[in-house]
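Read through the structure below, which is laid out as C-alpha cells, and then see the notes.
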Amino acid sequence: MKILYGIQCTGNGHITRSIAIIEELQKYARVDVLVSGLNHEVSLPFPVKYRCEGLSYFFGKNGGFDIWRTLLRNNPFRFLREIKEIPAHLYDIVISDFEPISAWSARRDWVYSIGISNQAALREIVVLKPNVFSPFSKLIIEYFCPVFKRYGLHYNKLNDNLFFPPIRQDILKATVSNDGHYVVYLPFFSAKKIIKALKVICRKTQWHVFSNDIKEAYILENISVNPILDSKFVKSLASCAGVLCSASFSTTSEALFLGKKLMVIPMKSQYEQQCNAFSLGNAGVGVVKSLKTKQLKKIGEWVVSNDYPQLALVNETEQLVRTIVTDYVEYINQQAIQKPSYS
C-alpha cells in the first residue's frame, strides 16, 4: 500500500503531530511526504518527496497576522500549478493534515483521501464553539481541503470520529519534572514585546522564551530568550512549571499531556485558535486576550496559582492509524468500483 501524506507547514504544530502519525503509518505502508507552506522552524526526520509553496499565512509581531506579507507571498496561479503537478493517482491513500495541495490533487484523480486535523474536529456538532463572527475562517475549514473521510483531533473524545492528539516520541520519552521556570511560546508576538511584558510579571519568576525572530540565545535578568531549537524546547517544556503559549493545538496538547499548568493567548482573528481557547477555558485553562497591561495581572495571578487543567490526554496514535487502515480496507471491500463523493 502506498500513501501520500501532505503536511501544512504554516507553523510547527502540523509537523510535530504528523511525525508521530507517519512513524506509525510506516508499519503498514510506504509513505511519501508532501510539505507545503513557508513558515515553520521544525524539521522532519525523514525524506520529503514533494516540496511545494502552497498557501501560507504569516505571523505578525503584535498578536495577529502579517496581512501584507501573507498577501505578497501567496500566489494562486502557482498553487493551481502545484496541484496539477502532484501525481496523486500513484497512491492508494492520500492523507492531508489540512494541507490543500495533496487534498485537491486526490480529488482531481478520484483517489481515496483522508483529512486528519484539529480543523476536522471543528466540523463536528458535538464540539462547542465560541460565538464569534468569522465567516471567512469557517469557509476555509469547510472547503480548503476537500477529502473523502475526516478524523478530527480534539482535547475531548466526544464521539468515535474524534481522537486525542498524536504525541511525538520526543514528548513521550521526555523525563517530566518541575524546575520552576515557565515556558513562553507566542510566535505572533515579537521577542521585544514578550520581554517587555514579562518584566512586569513576577520579577523573580524564571522565564524561558522561545521565539522565531531570535537567531542566538541570550539571557536578560530572569528571562532566557531562545531560538526555536526543537530539542531544547522539548527539554524546557518537560521540566517547566507552566506554559504560556498561543492556543495552537499541538503546543497546548503537549503541555496537557505532560501535565503542565497552562495559559493561552489565542491569535487575533484566527478562528481555530479562538475555538481551542474556548474549549480549553471550559476545562480550567487560563485564557487572556493579549499582552496588554490590563491582561498582565491575570498572567501574574496564574503564575502564583495552583490551578491545573481538568484534562487528561491519552496517546491514541496507534488506535488512530489502525482505524484509518481498517476503514480503508472496508472501503475497498464494499466500494471497489464506486468513486468517492467529496465534501
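So you can find residues: chains in the C-alpha cells are A, B, ... in the order shown, residues in each start at 1, and ligands are numbered from 1 in order.
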*What are the DSSP strand (DSSP E or B) residues of range 83-315 of chain A, as number ranges by chain?*
A: 93-97, 113-117, 149-153, 162-163, 182-185, 189, 207-210, 218-220, 223-226, 242-246, 261-265, 286-287
Restricted to N, CA and C atoms, what would the selected residues look like written as a compact mmCIF listing (two decimals), in the first residue's frame?
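The new file again-v9.txt reads:
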```
# COMPACT_ATOMS: atom_id res chain seq x y z
N ILE A 93 -3.86 5.84 -0.93
CA ILE A 93 -4.48 6.78 0.01
C ILE A 93 -3.70 8.08 0.00
N VAL A 94 -4.42 9.17 0.04
CA VAL A 94 -3.80 10.49 0.25
C VAL A 94 -4.31 11.02 1.59
N ILE A 95 -3.39 11.35 2.47
CA ILE A 95 -3.74 11.88 3.80
C ILE A 95 -3.29 13.33 3.87
N SER A 96 -4.17 14.18 4.34
CA SER A 96 -3.88 15.61 4.42
C SER A 96 -4.05 16.10 5.85
N ASP A 97 -2.97 16.66 6.41
CA ASP A 97 -3.10 17.37 7.69
C ASP A 97 -3.37 18.84 7.36
N SER A 113 -9.14 9.76 -0.06
CA SER A 113 -8.38 10.75 0.69
C SER A 113 -8.94 10.93 2.09
N ILE A 114 -8.04 11.30 3.00
CA ILE A 114 -8.35 11.41 4.42
C ILE A 114 -7.85 12.76 4.93
N GLY A 115 -8.64 13.36 5.80
CA GLY A 115 -8.20 14.57 6.50
C GLY A 115 -8.02 14.27 7.97
N ILE A 116 -6.84 14.58 8.51
CA ILE A 116 -6.57 14.41 9.94
C ILE A 116 -6.13 15.77 10.48
N SER A 117 -6.96 16.38 11.31
CA SER A 117 -6.60 17.72 11.79
C SER A 117 -7.52 18.17 12.90
N LYS A 149 -12.92 11.29 3.77
CA LYS A 149 -13.22 10.96 5.16
C LYS A 149 -12.35 11.78 6.09
N ARG A 150 -12.92 12.21 7.22
CA ARG A 150 -12.19 13.05 8.17
C ARG A 150 -12.08 12.38 9.53
N TYR A 151 -10.93 12.61 10.16
CA TYR A 151 -10.70 12.19 11.55
C TYR A 151 -10.31 13.44 12.32
N GLY A 152 -11.14 13.84 13.25
CA GLY A 152 -10.89 15.07 13.99
C GLY A 152 -10.00 14.84 15.19
N LEU A 153 -9.13 15.80 15.47
CA LEU A 153 -8.27 15.78 16.64
C LEU A 153 -8.75 16.83 17.62
N LEU A 162 -13.66 11.42 16.78
CA LEU A 162 -12.68 12.33 17.37
C LEU A 162 -11.62 11.54 18.12
N PHE A 163 -10.38 12.01 18.01
CA PHE A 163 -9.25 11.35 18.65
C PHE A 163 -8.44 12.37 19.42
N TYR A 182 9.01 28.92 33.62
CA TYR A 182 7.83 28.94 32.76
C TYR A 182 8.26 29.10 31.31
N VAL A 183 7.68 28.26 30.46
CA VAL A 183 7.95 28.33 29.02
C VAL A 183 6.98 29.32 28.38
N VAL A 184 7.50 30.15 27.48
CA VAL A 184 6.67 31.10 26.73
C VAL A 184 6.91 30.87 25.24
N TYR A 185 5.83 30.56 24.53
CA TYR A 185 5.93 30.38 23.07
C TYR A 185 4.73 31.09 22.42
N PHE A 189 3.93 37.25 18.44
CA PHE A 189 4.43 38.44 19.12
C PHE A 189 5.94 38.52 18.93
N TRP A 207 11.78 32.73 33.25
CA TRP A 207 11.04 32.55 32.00
C TRP A 207 11.97 32.01 30.92
N HIS A 208 11.51 31.00 30.19
CA HIS A 208 12.21 30.51 29.01
C HIS A 208 11.38 30.89 27.79
N VAL A 209 11.79 31.92 27.08
CA VAL A 209 11.07 32.40 25.90
C VAL A 209 11.65 31.76 24.65
N PHE A 210 10.77 31.23 23.80
CA PHE A 210 11.19 30.68 22.51
C PHE A 210 10.54 31.51 21.42
N TYR A 218 20.14 34.34 24.41
CA TYR A 218 20.73 35.28 25.37
C TYR A 218 19.88 35.33 26.62
N ILE A 219 20.45 35.84 27.70
CA ILE A 219 19.75 35.94 28.98
C ILE A 219 19.67 37.40 29.38
N LEU A 220 18.48 37.81 29.80
CA LEU A 220 18.24 39.17 30.26
C LEU A 220 17.58 39.09 31.63
N ILE A 223 15.04 36.31 32.37
CA ILE A 223 14.41 35.86 31.13
C ILE A 223 15.47 35.26 30.20
N SER A 224 15.29 34.00 29.86
CA SER A 224 16.15 33.33 28.89
C SER A 224 15.44 33.32 27.55
N VAL A 225 16.07 33.90 26.53
CA VAL A 225 15.45 34.04 25.22
C VAL A 225 16.17 33.10 24.24
N ASN A 226 15.39 32.28 23.54
CA ASN A 226 15.98 31.22 22.73
C ASN A 226 15.34 31.15 21.34
N GLY A 242 5.06 25.64 34.13
CA GLY A 242 3.87 26.00 33.38
C GLY A 242 4.23 26.53 32.01
N VAL A 243 3.20 26.67 31.18
CA VAL A 243 3.39 27.07 29.79
C VAL A 243 2.44 28.21 29.45
N LEU A 244 2.99 29.31 28.94
CA LEU A 244 2.21 30.42 28.40
C LEU A 244 2.43 30.40 26.90
N CYS A 245 1.38 30.11 26.14
CA CYS A 245 1.56 29.94 24.70
C CYS A 245 0.32 30.38 23.95
N SER A 246 0.41 30.30 22.64
CA SER A 246 -0.77 30.55 21.81
C SER A 246 -1.75 29.41 22.01
N LYS A 261 0.82 23.16 34.02
CA LYS A 261 -0.10 24.28 34.16
C LYS A 261 -0.07 25.07 32.86
N LEU A 262 -1.23 25.58 32.43
CA LEU A 262 -1.30 26.14 31.08
C LEU A 262 -2.14 27.41 31.04
N MET A 263 -1.63 28.39 30.30
CA MET A 263 -2.40 29.60 29.98
C MET A 263 -2.18 29.92 28.51
N VAL A 264 -3.24 30.33 27.81
CA VAL A 264 -3.14 30.57 26.38
C VAL A 264 -3.58 31.98 26.01
N ILE A 265 -2.97 32.47 24.93
CA ILE A 265 -3.39 33.72 24.29
C ILE A 265 -3.74 33.37 22.85
N GLY A 286 -6.28 28.77 31.80
CA GLY A 286 -6.35 30.23 31.79
C GLY A 286 -6.30 30.77 30.38
N VAL A 287 -7.12 31.78 30.10
CA VAL A 287 -7.17 32.39 28.77
C VAL A 287 -7.11 33.90 28.93
```
Residues at most 10 Å from Lys84 in chain A, counting only C-alpha atoms, excluding those fewer than 2 positions away in the same chain, as a PDB file with N, CA and C atoms, in the first residue's frame?
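Saved the output as part-v7.pdb:
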```pdb
ATOM      1  N   ARG A  78       0.486  29.789  -8.925  1.00  0.00           N
ATOM      2  CA  ARG A  78       1.475  28.778  -8.530  1.00  0.00           C
ATOM      3  C   ARG A  78       0.786  27.641  -7.775  1.00  0.00           C
ATOM      4  N   PHE A  79      -0.154  27.993  -6.913  1.00  0.00           N
ATOM      5  CA  PHE A  79      -0.897  26.996  -6.139  1.00  0.00           C
ATOM      6  C   PHE A  79      -1.631  26.020  -7.062  1.00  0.00           C
ATOM      7  N   LEU A  80      -2.306  26.530  -8.087  1.00  0.00           N
ATOM      8  CA  LEU A  80      -3.029  25.667  -9.030  1.00  0.00           C
ATOM      9  C   LEU A  80      -2.059  24.797  -9.830  1.00  0.00           C
ATOM     10  N   ARG A  81      -0.901  25.357 -10.174  1.00  0.00           N
ATOM     11  CA  ARG A  81       0.097  24.590 -10.907  1.00  0.00           C
ATOM     12  C   ARG A  81       0.634  23.440 -10.048  1.00  0.00           C
ATOM     13  N   GLU A  82       0.851  23.704  -8.766  1.00  0.00           N
ATOM     14  CA  GLU A  82       1.368  22.669  -7.880  1.00  0.00           C
ATOM     15  C   GLU A  82       0.364  21.536  -7.696  1.00  0.00           C
ATOM     16  N   ILE A  86       1.200  17.262  -8.843  1.00  0.00           N
ATOM     17  CA  ILE A  86       1.320  16.157  -7.889  1.00  0.00           C
ATOM     18  C   ILE A  86       0.602  14.911  -8.430  1.00  0.00           C
ATOM     19  N   PRO A  87       1.296  13.779  -8.574  1.00  0.00           N
ATOM     20  CA  PRO A  87       0.703  12.557  -9.149  1.00  0.00           C
ATOM     21  C   PRO A  87      -0.066  11.750  -8.100  1.00  0.00           C
ATOM     22  N   ALA A  88      -1.187  12.263  -7.655  1.00  0.00           N
ATOM     23  CA  ALA A  88      -1.962  11.574  -6.619  1.00  0.00           C
ATOM     24  C   ALA A  88      -2.422  10.194  -7.070  1.00  0.00           C
ATOM     25  N   ILE A 101      -2.816  21.061  -1.200  1.00  0.00           N
ATOM     26  CA  ILE A 101      -2.340  20.554  -2.484  1.00  0.00           C
ATOM     27  C   ILE A 101      -2.568  19.045  -2.595  1.00  0.00           C
ATOM     28  N   TRP A 104      -6.509  18.462  -2.863  1.00  0.00           N
ATOM     29  CA  TRP A 104      -7.102  18.796  -4.163  1.00  0.00           C
ATOM     30  C   TRP A 104      -6.565  17.889  -5.279  1.00  0.00           C
ATOM     31  N   SER A 105      -5.311  17.464  -5.166  1.00  0.00           N
ATOM     32  CA  SER A 105      -4.774  16.522  -6.148  1.00  0.00           C
ATOM     33  C   SER A 105      -5.504  15.187  -6.074  1.00  0.00           C
ATOM     34  N   ARG A 108      -8.888  15.566  -7.678  1.00  0.00           N
ATOM     35  CA  ARG A 108      -8.781  15.603  -9.132  1.00  0.00           C
ATOM     36  C   ARG A 108      -8.675  14.194  -9.710  1.00  0.00           C
ATOM     37  N   ASP A 109      -7.915  13.318  -9.035  1.00  0.00           N
ATOM     38  CA  ASP A 109      -7.663  11.974  -9.550  1.00  0.00           C
ATOM     39  C   ASP A 109      -8.588  10.912  -8.949  1.00  0.00           C
TER      40      ASP A 109
END
```
*Per DSSP on the backbone, what are the helix (DSSP H, G or I) residues of range 59-298 of chain A, as a VMD selection string?*
chain A and resid 67 to 73 76 to 85 88 to 90 100 to 109 118 to 121 135 to 143 169 to 172 191 to 198 230 to 239 249 to 257 271 to 282 293 to 298
*Hey, can you check how far CA of Ala283 in chain A sits from CA of Lys173 in chain A?*
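Interatomic distance here is 25.9 Å.
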*Proximity to Tyr155 in chain A - best of A:Ala20, A:Pro187, A:Asn118, A:Asn131, only C-alpha atoms*: A:Asn118
